[in-house]
2 protein chains.
Amino acid sequence: MLILNSLLKMKKTLFLISILFFVIAGFGQSETKAKYVFLFIGDGMGVNQIYATEMYLNAKAGEIKVDRLLMNNFPVSSNMTTYSADTYVTGSASSGTAMSTGFKTNNGILGKSPDLKTDYETISVKAKRAGFKVGILSSVMIDHATPASFYAHQASRNMYYEISMELPNYNIDYFGGGGFHYPKGENGDQPDAYENAAKLGYTIADSHAEFNKLKKGDKKVFALNPETYPLGEFHWAIDKKEGSISLADFTKKGIEVMDNDKGFFMMIEGGKIDWACHGNDGVSMVHEVLAFNDAINVAYEFYKKHSDETLIIVTADHETGSMFTGIEYVMHPELLKYQKISVQEFKRKMGKLKVGDEGVSFNKLLDIIKADFGLGNSDVGLSLDDNEIALLKRVYENQFKGNQDVNPDADYLSTDEVKSIAETAAYILNKKAGIGWGSSDHSSMPVPVRVLGAGQNEFTEYFDNTELPKKIQKVMGM
Amino acid sequence: MLILNSLLKMKKTLFLISILFFVIAGFGQSETKAKYVFLFIGDGMGVNQIYATEMYLNAKAGEIKVDRLLMNNFPVSSNMTTYSADTYVTGSASSGTAMSTGFKTNNGILGKSPDLKTDYETISVKAKRAGFKVGILSSVMIDHATPASFYAHQASRNMYYEISMELPNYNIDYFGGGGFHYPKGENGDQPDAYENAAKLGYTIADSHAEFNKLKKGDKKVFALNPETYPLGEFHWAIDKKEGSISLADFTKKGIEVMDNDKGFFMMIEGGKIDWACHGNDGVSMVHEVLAFNDAINVAYEFYKKHSDETLIIVTADHETGSMFTGIEYVMHPELLKYQKISVQEFKRKMGKLKVGDEGVSFNKLLDIIKADFGLGNSDVGLSLDDNEIALLKRVYENQFKGNQDVNPDADYLSTDEVKSIAETAAYILNKKAGIGWGSSDHSSMPVPVRVLGAGQNEFTEYFDNTELPKKIQKVMGM
């Protein structure tokens with residue numbers, strides 16, 4: 001009581017003191033430092049891609065319910081514009097450059113100005129200079145546009161060899177994911193880019209044993225997924241074998257290797273979300289988002305131990321496929337689970353079937369489609385009507401009787417109007433489930449931003465992708 | 001210096017005092033009250049609808065630039081899910097009910113549980129009980145689903161007469177916008193709903209003179225737009241004559257009439273954004289978003305004078321049209337300005353042309369299309385190619401030579417595959433500008449939320465539409 005009375009008597013003084021403390025507190029608050037920053041980029045992942053995944057996860061026939069993925073339970077949720085310097089519809093290179101350097105450039109350019117005269121400094125280099133460790137991770141090739149934009153400066157994202165030779169130049173602490181497109185150049189006659197990285201001090205871990213041996217304090221690590229396709233991207237999450245290595249494993253290893261008292265900045269790309277959307281393969285997209293979500297969960301486990309100093313940002317470089325959810329007021333996400341294989345893997349399977357008259361019959365093909373996409377299984381609500389069967393028949397005649405080869409790797413991302421059996425089956429299933437696609441390309445749609453942790457309030461507003469690195473640098477005190 | 005020295009000596013005491021003040025300040029902050037709340041609902045307005053409008057506003061040929069509409073400069077930006085009790089793709093009635101009452105119901109139901117047994121209390125009634133004034137505004141008929149969901153309880157949104165008879169039952173202070181669908185019932189043989197409202201104390205202002213006379217403190221006002229079509233919705237913003245009455249005028253009048261020391265809650269619907277999207281009429285949509293934006297600007301002017309006590313929320317009930325922006329990596333928003341008329345008004349114009357052999361020739365029609373949509377004007381980049389001319393020719397033959405009547409009012413929102421000349425011209429222009437449509441229906445896409453003012457931090461997270469009224473009630477202290 002005595003204290004309270006004196007406090008009341010000192011009202012005026014207290015008022016002044018309180019103002020002083022508010023000012024101090026105010027400064028303190030705006031200086032909230034994030035020591036450990038995870039930037040998750042879902043390539044091509046729009047709001048609808050996340051939402052379709054949530055519907056898929058919770059779908060029981062006849063039940064309308066949405067539980068959220070971890071990112072959608074974060075306390076800050078916003079949207080971000082992505083246009084590039086030369087078009088409203090950005091690509092991964094220009095968008096990655098914006099998110100890494102804070103500058104707009106033309107589609108296709110990595111870390112350089114539109115006139116190619118200026119190299120922009122990346123957030124990776126700034127973070128290194130400020131004493132943070134830096135990691136760059138992707139589920140596709142490490143010289144692909146998104147990861148490359150966090151280290152490289154090249155006139156074109158397609159200059160894969162030049163990018164792979166540039167990779168070791170910035171003392172980045174941890175690379176994790178897929179390998180190089182052309183380690184010895186497109187003609188195979190250049191100095192080996194892996195050897196170049198090793199010469200510059202990188203430990204290249206490209207087997208399970210070497211991956212498992214990586215530990216806290218290891219310097220200059222280049223961890224390659226030993227289970228990739230020849231080109232270096234991860235297997236499709238939907239096709240992945242139980243127990244094989246994942247983006248989440250690479251994230252966990254990154255935390256282990258880079259954990260230190262000064263902090264780190266880690267960019268983790270879910271690269272094949274975009275690929276699935278280019279192919280209008282909704283179910284493979286869902287599985288890629290889930291694999292991406294697993295990696296976010298790993299960061300969240302770290303956050304729980306260091307919540308005052310950790311910031312997790314989940315966003316995208318652009319939306320892909322102009323994907324929409326809901327056709328004629330209906331969604332049947334429960335039907336999506338009957339697709340058991342990626343469109344690309346199904347294409348590979350088709351490629352192994354005999355072509356021509358002695359090859360697979362249409363009825364045999366329908367059986368395969370029923371097993372792999374559920375189509376034709378009336379017990380689960382996936383009967384095929386006459387139009388759908390006629391469509392599949394037309395595509396079958398074209399693909400098998402017309403002796404038209406289907407090359408799953410070269411053709412997968414093409415926007416060719418002639419679709420294969422695989423794409424047609426996926427199209428029919430997507431439509432029945434209520435998922436539609438406006439295109440096979442990117443759109444200009446603003447992307448989702450979901451944020452948790454130290455400095456999260458910097459991200460509540462609607463902002464442009466060039467603001468993203470500035471906001472991160474601010475909350476990291478760089 | 002002396003003060004500073006004593007302050008430094010009192011460090012410990014000051015620390016304790018500061019904690020006390022932080023606690024007080026903390027409580028104060030979480031109790032931030034919003035006395036004046038504006039809830040803007042852009043019917044059918046997804047992220048892409050807003051973004052297309054921003055591109056339209058700033059588009060010069062060859063320049064890539066996005067300036068933002070006011071709502072996208074608000075400090076809080078989020079996304080909201082909208083699924084209803086019976087489908088992932090909601091309608092305006094179920095979504096309006098969620099936003100007004102906090103409960104999910106089936107598509108088509110207003111303010112009642114899915115089994116129709118329970119009437120849910122609206123935020124309007126709660127706000128009235130708490131001493132706030134309440135206003136409900138729309139640019140379409142006041143018995144349409146969105147405005148109706150803020151007062152009515154009916155088994156179907158189509159029970160327009162029952163809704164119009166229910167309108168005066170809740171002592172709502174200000175209704176503004178379009179009139180009733182069927183004031184005397186569908187057969188014209190029921191007691192007049194306007195007379196019913198008047199009998200229950202409402203002043204019905206349905207002329208410019210009466211509208212202008214409305215003033216601060218007027219009670220139970222029903223302000224009807226005297227310039228509507230017979231059905232009661234506002235003219236399309238793109239077709240509106242200079243100086244005619246707007247949603248912004250109704251908002252301004254609402255503030256004037258309801259301004260009081262205890263505060264108010266005002267819901268303002270931009271209803272024809274949805275209609276334009278159902279018709280896949282991108283340019284009319286843009287003009288509706290701009291008219292909606294004008295109304296938001298009116299609220300913002302009020303906010304500037306009462307910033308500590310005012311909250312502005314802009315959101316949507318659902319997205320319409322599965323609209324996407326960007327086709328083959330290109331947007332040409334500068335082309336949109338050549339459309340000078342709404343698709344619906346163009347249909348009316350076509351309806352007045354003579355049908356049959358003696359009627360309008362195809363070449364004459366092309367001239368009209370050039371004047372109204374810019375199509376065929378190669379000087380501005382809108383040449384028509386052979387395919388486009390063939391498409392227009394086919395539709396022309398169908399519409400004029402086939403003697404097929406086009407009823408612009410009955411047919412406008414239909415999803416019929418047979419499109420009229422008007423819809424075909426809009427489709428071609430939209431495509432050239434880089435705007436595409438996945439459907440003529442709603443989608444399940446989470447909608448934008450943009451917030452400014454007292455209590456804004458309640459809205460930073462990703463949330464469901466049933467949370468919206470709870471958040472508003474919380475910040476209003478209800």
# chains A, B, ... in the order shown; residues from 1 in each chain; ligands from 1
>>> select_by_dssp(residues="segment 270-464 of chain A", states="strand (DSSP E)", output="list in words")
Gly270, Thr310, Leu311, Ile312, Ile313, Val314, Thr315, Glu319, Thr320, Met323, Phe324, Thr325, Ile435, Gly436, Trp437, His442, Ser443, Val447, Pro448, Val449, Arg450, Val451, Leu452, Gly453, Phe463 and Asp464 of chain A
>>> select_by_dssp(residues="segment 53-203 of chain A", states="alpha helix (DSSP H)", output="number ranges by chain")
A: 53-58, 92-101, 123-129, 145-148, 160-166, 193-199
>>> write_last_selection(atoms="N, CA and C atoms", output="compact mmCIF listing (two decimals), in the first residue's frame")
# COMPACT_ATOMS: atom_id res chain seq x y z
N THR A 53 -3.43 -28.88 -50.83
CA THR A 53 -2.72 -29.86 -50.00
C THR A 53 -3.45 -30.06 -48.67
N GLU A 54 -3.92 -28.96 -48.10
CA GLU A 54 -4.66 -29.06 -46.83
C GLU A 54 -5.97 -29.82 -47.01
N MET A 55 -6.64 -29.58 -48.14
CA MET A 55 -7.89 -30.31 -48.39
C MET A 55 -7.60 -31.79 -48.60
N TYR A 56 -6.52 -32.07 -49.33
CA TYR A 56 -6.11 -33.46 -49.58
C TYR A 56 -5.87 -34.20 -48.26
N LEU A 57 -5.17 -33.52 -47.36
CA LEU A 57 -4.80 -34.15 -46.09
C LEU A 57 -6.00 -34.52 -45.25
N ASN A 58 -7.03 -33.71 -45.31
CA ASN A 58 -8.14 -33.89 -44.39
C ASN A 58 -9.37 -34.49 -45.02
N SER A 92 11.88 -17.92 -62.05
CA SER A 92 12.60 -18.22 -60.81
C SER A 92 13.91 -17.44 -60.69
N ALA A 93 14.55 -17.13 -61.81
CA ALA A 93 15.83 -16.41 -61.75
C ALA A 93 15.61 -14.96 -61.30
N SER A 94 14.72 -14.26 -61.96
CA SER A 94 14.48 -12.86 -61.61
C SER A 94 13.86 -12.75 -60.22
N SER A 95 12.97 -13.67 -59.90
CA SER A 95 12.34 -13.62 -58.58
C SER A 95 13.34 -13.98 -57.49
N GLY A 96 14.17 -14.99 -57.77
CA GLY A 96 15.21 -15.36 -56.82
C GLY A 96 16.18 -14.20 -56.61
N THR A 97 16.54 -13.53 -57.69
CA THR A 97 17.44 -12.37 -57.59
C THR A 97 16.81 -11.29 -56.72
N ALA A 98 15.53 -11.02 -56.92
CA ALA A 98 14.84 -10.02 -56.09
C ALA A 98 14.90 -10.40 -54.62
N MET A 99 14.64 -11.68 -54.32
CA MET A 99 14.60 -12.12 -52.92
C MET A 99 15.99 -12.23 -52.31
N SER A 100 16.99 -12.39 -53.16
CA SER A 100 18.36 -12.54 -52.65
C SER A 100 19.09 -11.19 -52.58
N THR A 101 18.79 -10.30 -53.52
CA THR A 101 19.57 -9.05 -53.61
C THR A 101 18.75 -7.78 -53.36
N ILE A 123 22.25 -11.68 -50.40
CA ILE A 123 22.07 -11.73 -48.94
C ILE A 123 23.04 -12.76 -48.33
N SER A 124 23.42 -13.76 -49.11
CA SER A 124 24.36 -14.77 -48.61
C SER A 124 25.71 -14.13 -48.29
N VAL A 125 26.19 -13.29 -49.20
CA VAL A 125 27.48 -12.61 -48.99
C VAL A 125 27.38 -11.62 -47.83
N LYS A 126 26.26 -10.91 -47.78
CA LYS A 126 26.06 -9.95 -46.67
C LYS A 126 26.02 -10.69 -45.33
N ALA A 127 25.34 -11.82 -45.32
CA ALA A 127 25.22 -12.58 -44.06
C ALA A 127 26.59 -13.12 -43.64
N LYS A 128 27.36 -13.62 -44.62
CA LYS A 128 28.71 -14.10 -44.31
C LYS A 128 29.55 -12.98 -43.70
N ARG A 129 29.48 -11.79 -44.34
CA ARG A 129 30.27 -10.66 -43.85
C ARG A 129 29.88 -10.29 -42.42
N ALA A 145 17.73 -22.28 -61.03
CA ALA A 145 17.59 -20.82 -60.86
C ALA A 145 17.44 -20.36 -59.41
N THR A 146 16.56 -21.01 -58.64
CA THR A 146 16.31 -20.50 -57.29
C THR A 146 17.54 -20.60 -56.39
N PRO A 147 18.11 -21.80 -56.19
CA PRO A 147 19.32 -21.82 -55.36
C PRO A 147 20.44 -20.96 -55.97
N ALA A 148 20.60 -20.99 -57.29
CA ALA A 148 21.68 -20.22 -57.93
C ALA A 148 21.56 -18.73 -57.65
N TYR A 160 24.45 -23.22 -66.98
CA TYR A 160 24.60 -24.09 -65.80
C TYR A 160 26.06 -24.33 -65.45
N TYR A 161 26.88 -24.51 -66.45
CA TYR A 161 28.29 -24.80 -66.15
C TYR A 161 28.95 -23.61 -65.46
N GLU A 162 28.71 -22.42 -65.97
CA GLU A 162 29.29 -21.22 -65.36
C GLU A 162 28.79 -21.07 -63.92
N ILE A 163 27.51 -21.37 -63.73
CA ILE A 163 26.95 -21.28 -62.38
C ILE A 163 27.64 -22.28 -61.45
N SER A 164 27.82 -23.49 -61.96
CA SER A 164 28.42 -24.54 -61.10
C SER A 164 29.88 -24.20 -60.77
N MET A 165 30.55 -23.51 -61.70
CA MET A 165 31.94 -23.10 -61.42
C MET A 165 31.98 -21.92 -60.43
N GLU A 166 30.89 -21.14 -60.40
CA GLU A 166 30.86 -19.97 -59.50
C GLU A 166 30.50 -20.38 -58.06
N ALA A 193 33.45 -29.34 -62.49
CA ALA A 193 32.99 -28.34 -61.50
C ALA A 193 33.03 -28.90 -60.07
N TYR A 194 32.82 -30.20 -59.92
CA TYR A 194 32.93 -30.79 -58.57
C TYR A 194 34.39 -30.72 -58.10
N GLU A 195 35.32 -31.05 -59.02
CA GLU A 195 36.74 -30.98 -58.66
C GLU A 195 37.13 -29.55 -58.31
N ASN A 196 36.56 -28.61 -59.07
CA ASN A 196 36.81 -27.19 -58.79
C ASN A 196 36.36 -26.82 -57.38
N ALA A 197 35.16 -27.29 -57.02
CA ALA A 197 34.64 -27.02 -55.67
C ALA A 197 35.55 -27.65 -54.61
N ALA A 198 35.99 -28.89 -54.87
CA ALA A 198 36.86 -29.60 -53.91
C ALA A 198 38.19 -28.85 -53.77
N LYS A 199 38.72 -28.38 -54.90
CA LYS A 199 39.99 -27.65 -54.90
C LYS A 199 39.86 -26.39 -54.05
>>> interface_residues(of="chain B", to="chain A", cutoff="8 Å", atoms="only C-alpha atoms", output="PyMOL selection string")
chain B and resi 14+18+21+47-48+51+63-64+72-79+83-90+322+324-331+436-439+441-446+460-462
>>> residues_around(residues="Asp173 of chain A", least_positions_apart="3", cutoff="8 Å", atoms="only C-alpha atoms", output="mmCIF file with N, CA, C and O atoms, in the first residue's frame")
data_model
loop_
_atom_site.group_PDB
_atom_site.id
_atom_site.type_symbol
_atom_site.label_atom_id
_atom_site.label_comp_id
_atom_site.auth_asym_id
_atom_site.auth_seq_id
_atom_site.Cartn_x
_atom_site.Cartn_y
_atom_site.Cartn_z
ATOM 1 N N LYS A 133 26.702 -17.980 -40.499
ATOM 2 C CA LYS A 133 26.918 -19.062 -41.449
ATOM 3 C C LYS A 133 25.760 -19.044 -42.458
ATOM 4 O O LYS A 133 24.680 -18.534 -42.156
ATOM 5 N N VAL A 134 26.010 -19.588 -43.634
ATOM 6 C CA VAL A 134 25.005 -19.540 -44.694
ATOM 7 C C VAL A 134 24.846 -20.913 -45.338
ATOM 8 O O VAL A 134 25.845 -21.575 -45.647
ATOM 9 N N GLY A 135 23.588 -21.306 -45.515
ATOM 10 C CA GLY A 135 23.301 -22.567 -46.186
ATOM 11 C C GLY A 135 22.308 -22.371 -47.321
ATOM 12 O O GLY A 135 21.400 -21.542 -47.224
ATOM 13 N N LYS A 219 33.221 -27.453 -42.194
ATOM 14 C CA LYS A 219 33.247 -26.221 -42.992
ATOM 15 C C LYS A 219 33.086 -26.547 -44.470
ATOM 16 O O LYS A 219 33.519 -27.593 -44.933
ATOM 17 N N LYS A 220 32.495 -25.619 -45.199
ATOM 18 C CA LYS A 220 32.373 -25.744 -46.657
ATOM 19 C C LYS A 220 31.910 -27.139 -47.084
ATOM 20 O O LYS A 220 32.676 -27.927 -47.646
ATOM 21 N N VAL A 221 30.678 -27.398 -46.798
ATOM 22 C CA VAL A 221 30.101 -28.709 -47.102
ATOM 23 C C VAL A 221 29.221 -28.630 -48.344
ATOM 24 O O VAL A 221 28.447 -27.689 -48.506
ATOM 25 N N MET A 258 25.737 -26.307 -39.315
ATOM 26 C CA MET A 258 25.944 -24.857 -39.200
ATOM 27 C C MET A 258 25.665 -24.293 -37.817
ATOM 28 O O MET A 258 25.903 -23.105 -37.598
#
>>> atom_distance(atom1="atom CA of Leu366 of chain B", atom2="atom CA of Lys272 of chain B")
27.9 Å
>>> residues_around(residues="segment 174-187 of chain A", least_positions_apart="2", cutoff="8 Å", atoms="only C-alpha atoms", output="PyMOL selection string")
chain A and resi 134-143+160-161+164+172+189-194+219-225+228+231-234+247+250+254+257-258
>>> residues_around(residues="segment 285-287 of chain A", least_positions_apart="5", cutoff="6 Å", atoms="only C-alpha atoms", output="VMD selection string")
chain A and resid 53 237 to 238 273 276
>>> write_last_selection(atoms="N, CA and C atoms", output="PDB file, in the first residue's frame")
ATOM      1  N   THR A  53      -3.429 -28.877 -50.825  1.00  0.00           N
ATOM      2  CA  THR A  53      -2.721 -29.859 -50.000  1.00  0.00           C
ATOM      3  C   THR A  53      -3.448 -30.057 -48.673  1.00  0.00           C
ATOM      4  N   ALA A 237       8.342 -36.828 -54.629  1.00  0.00           N
ATOM      5  CA  ALA A 237       7.943 -37.264 -53.292  1.00  0.00           C
ATOM      6  C   ALA A 237       6.921 -38.397 -53.376  1.00  0.00           C
ATOM      7  N   ILE A 238       6.017 -38.342 -54.335  1.00  0.00           N
ATOM      8  CA  ILE A 238       4.987 -39.385 -54.463  1.00  0.00           C
ATOM      9  C   ILE A 238       5.601 -40.731 -54.845  1.00  0.00           C
ATOM     10  N   ILE A 273       7.701 -28.509 -56.554  1.00  0.00           N
ATOM     11  CA  ILE A 273       6.307 -28.035 -56.533  1.00  0.00           C
ATOM     12  C   ILE A 273       6.030 -27.378 -57.880  1.00  0.00           C
ATOM     13  N   ALA A 276       5.806 -29.927 -60.822  1.00  0.00           N
ATOM     14  CA  ALA A 276       4.511 -30.616 -60.855  1.00  0.00           C
ATOM     15  C   ALA A 276       3.438 -29.698 -61.436  1.00  0.00           C
TER      16      ALA A 276
END
